[in-house]
Amino acid sequence: MRWHMIYRRWRQGAPFIKGVLLVTAGFCLVSLAAAGLPRLNFPSAVPALADGGRDFPGQGLFRKILESYEMDFTRVFEQGLPFFCRRQLYEADDTTGSSFLLPWLKNPRKLGMDLRPLSLVQSELGWFELAVRGGSRNQDQSLPDESYLVSPEPKSAPVENPKREVLQPTIRPEGPAKVAIYHTHTSEDYVPSCGNSHTYGQEAGIVAVGRELASKLEQKHRIRCLHDTSVHDTPVYREAYLRSGNTVEKLIKENPELEIILDVHRDAFTKDVTKSRTMTTTTINDQQVARIYIVVGTDRLGLTHPNWQQNHAFALELQQQLEALYPGLSRGIKIDTARFNQHLHSRLVLIEIGGDQNTLEEAKLGAGYLADVLVAWLRNQTEN
C-alpha cells in the first residue's frame with residue numbers, strides 16, 4: 001500500500017518534475033554557451049558595432065566590410081532599417097560621403113538611439129518589443145474606436161462615401177456631484193425580465209435601474225450624479241454591507257459636497273407572485289410602474305448610530321415629495337433594526353425600487369419618477 005501511494009504521487013508530480021528538469025537543462029546549456037564552453041577552435045568574433053575602445057581595436061565588423069568591398073552598405077541599411085532615414089537631420093556632420101556611419105559609431109547616442117542588438121531590433125520591429133513584454137498586439141491607439149458606429153451599407157448596394165451615424169458623447173453637468181448611487185446587493189434582478197432573482201458574472205437588473213436613475217438626474221435635470229457599480233455581495237453574500245460601507249466612505253471622502261446617498265435595491269418579501277406585484281406596482285400615466293419603498297436604519301441591533309433620526313427626517317421629506325408629485329408611487333417608510341451603513345451620512349437611505357416580480361422596464365420607470373422627486377427636494381433646499 002505504501003509503495004502504491006508513492007507511485008501514485010510520482011505519477012501526479014511527474015509533469016511538474018519533467019518541466020523543472022527541462023528548464024534546468026536549458027539553463028545549463030545557455031550558461032555553458034555564454035561561458036564559451038565547450039571551447040571550439042573558431043576564430044574570435046568581431047563585435048559588429050565596436051567603437052574602437054580599449055578592448056576591441058579598429059572600428060568593428062562594419063568598418064572591415066566597408067574597407068573590403070565596393071558595395072555601399074550604408075544604402076543597404078537605409079533601405080532595410082527605417083531609422084537610417086534620420087540621417088537627413090544630421091547631414092551637417094556627414095563630411096565623408098558614404099562614411100557618415102562613423103560619427104554614429106563614435107557617439108551612437110547622438111541621435112538618441114541605442115545601437116545594442118536587442119534594442120535595435122525592438123526599435124525597428126514593434127511587434128517584437130510587444131512580444132518581449134508578453135502582450136498581444138493591439139490596434140493603433142491613434143485610430144478612432146469604431147465599435148459604436150452604424151454598420152455600412154451591404155456590398156450588394158455600394159454607396160459612394162457612405163455616411164455613418166456617430167453617437168454623440170454624453171455631456172455631464174458641471175460642478176460637484178450632489179447625488180451618489182450604489183448597490184450593496186449588486187446581483188439583485190427582476191425575474192420576469194431575466195428569469196432569475198439574482199444575476200452573477202454580468203450586470204444585474206438593479207444596476208441597470210441605478211444607471212437609469214443617474215441618467216435621468218444628469219440628462220433631464222442637469223444634476224451631477226455618481227453611480228458606483230462596485231460588486232459587494234460576492235463572493236460572501238453576508239459581507240455585502242461591510243464592503244459597501246467601504247465604498248460609501250470612499251465616495252464621501254472624494255466628494256464632500258454630496259447631498260444625497262442612495263443604496264438602491266429591489267424588494268422580495270413574498271414568493272406569491274400576485275401578492276408581490278399587487279404590493280410593488282402602481283399605474284402612472286397609463287403605465288405600470290414599480291413603486292418606491294424607503295428603508296431607514298437604526299441602532300436597535302447595538303451598532304452605533306446615534307443620529308438615525310436625521311436619516312428618518314430626510315426619508316419623511318422624500319415621502320412627502322413622492323406623495324405630492326406622484327400619489328401612490330411610494331409604499332411608505334420602513335424603520336428597520338439594522339443600520340445599513342446609514343451612520344456614515346445623515347441623508348443616506350435604502351431605496352427599494354419595485355420587487356423581484358416587477359419587470360426591468362417597470363423598475364426603470366419608477367427610477368425616472370424618483371429622479372423627479374430628488375430634484376424637487378434639492379430645489380427646496382436651495383430655496384430655503
# chains A, B, ... in the order shown; residues from 1 in each chain; ligands from 1
>>> select_by_dssp(residues="range 203-294 of chain A", states="helix (DSSP H, G or I)", output="PyMOL selection string")
chain A and resi 205-220+237-254+273-280
>>> residues_around(residues="Arg222 in chain A", least_positions_apart="3", cutoff="9 Å", atoms="only C-alpha atoms", output="VMD selection string")
chain A and resid 172 to 174 216 to 219
>>> residues_around(residues="Asn358 in chain A", least_positions_apart="6", cutoff="10 Å", atoms="only C-alpha atoms", output="JSON, numbers by chain")
{"A": [189, 190, 191, 192, 193, 266, 267, 273, 276, 277, 278, 280, 281, 288, 289, 290, 291]}
>>> atom_distance(atom1="CA of Phe314 in chain A", atom2="CA of Thr282 in chain A")
23.7 Å
>>> residues_around(residues="Leu262 in chain A", least_positions_apart="2", cutoff="10 Å", atoms="only C-alpha atoms", output="mmCIF file with C-alpha atoms, in the first residue's frame")
data_model
loop_
_atom_site.group_PDB
_atom_site.id
_atom_site.type_symbol
_atom_site.label_atom_id
_atom_site.label_comp_id
_atom_site.auth_asym_id
_atom_site.auth_seq_id
_atom_site.Cartn_x
_atom_site.Cartn_y
_atom_site.Cartn_z
ATOM 1 C CA VAL A 179 -26.229 62.596 -5.525
ATOM 2 C CA ALA A 180 -24.456 59.244 -5.206
ATOM 3 C CA ILE A 181 -25.974 55.844 -6.025
ATOM 4 C CA TYR A 182 -24.549 52.440 -5.146
ATOM 5 C CA HIS A 183 -25.801 48.884 -4.622
ATOM 6 C CA GLY A 210 -29.393 52.632 -10.850
ATOM 7 C CA HIS A 227 -23.195 55.815 -9.885
ATOM 8 C CA VAL A 248 -19.613 54.834 0.923
ATOM 9 C CA ILE A 260 -27.981 62.563 -1.039
ATOM 10 C CA VAL A 264 -30.670 51.097 -4.392
ATOM 11 C CA HIS A 265 -32.252 47.624 -4.031
ATOM 12 C CA ILE A 294 -37.823 53.802 1.758
ATOM 13 C CA GLN A 342 -26.593 54.971 7.247
ATOM 14 C CA ARG A 347 -29.071 61.688 4.191
ATOM 15 C CA LEU A 348 -28.215 58.115 3.270
ATOM 16 C CA VAL A 349 -31.280 55.879 2.892
ATOM 17 C CA LEU A 350 -32.010 52.475 1.404
ATOM 18 C CA ILE A 351 -34.409 52.633 -1.552
ATOM 19 C CA GLU A 352 -36.341 49.591 -2.806
#
>>> atom_distance(atom1="CA of Ile292 in chain A", atom2="CA of Trp377 in chain A")
15.7 Å
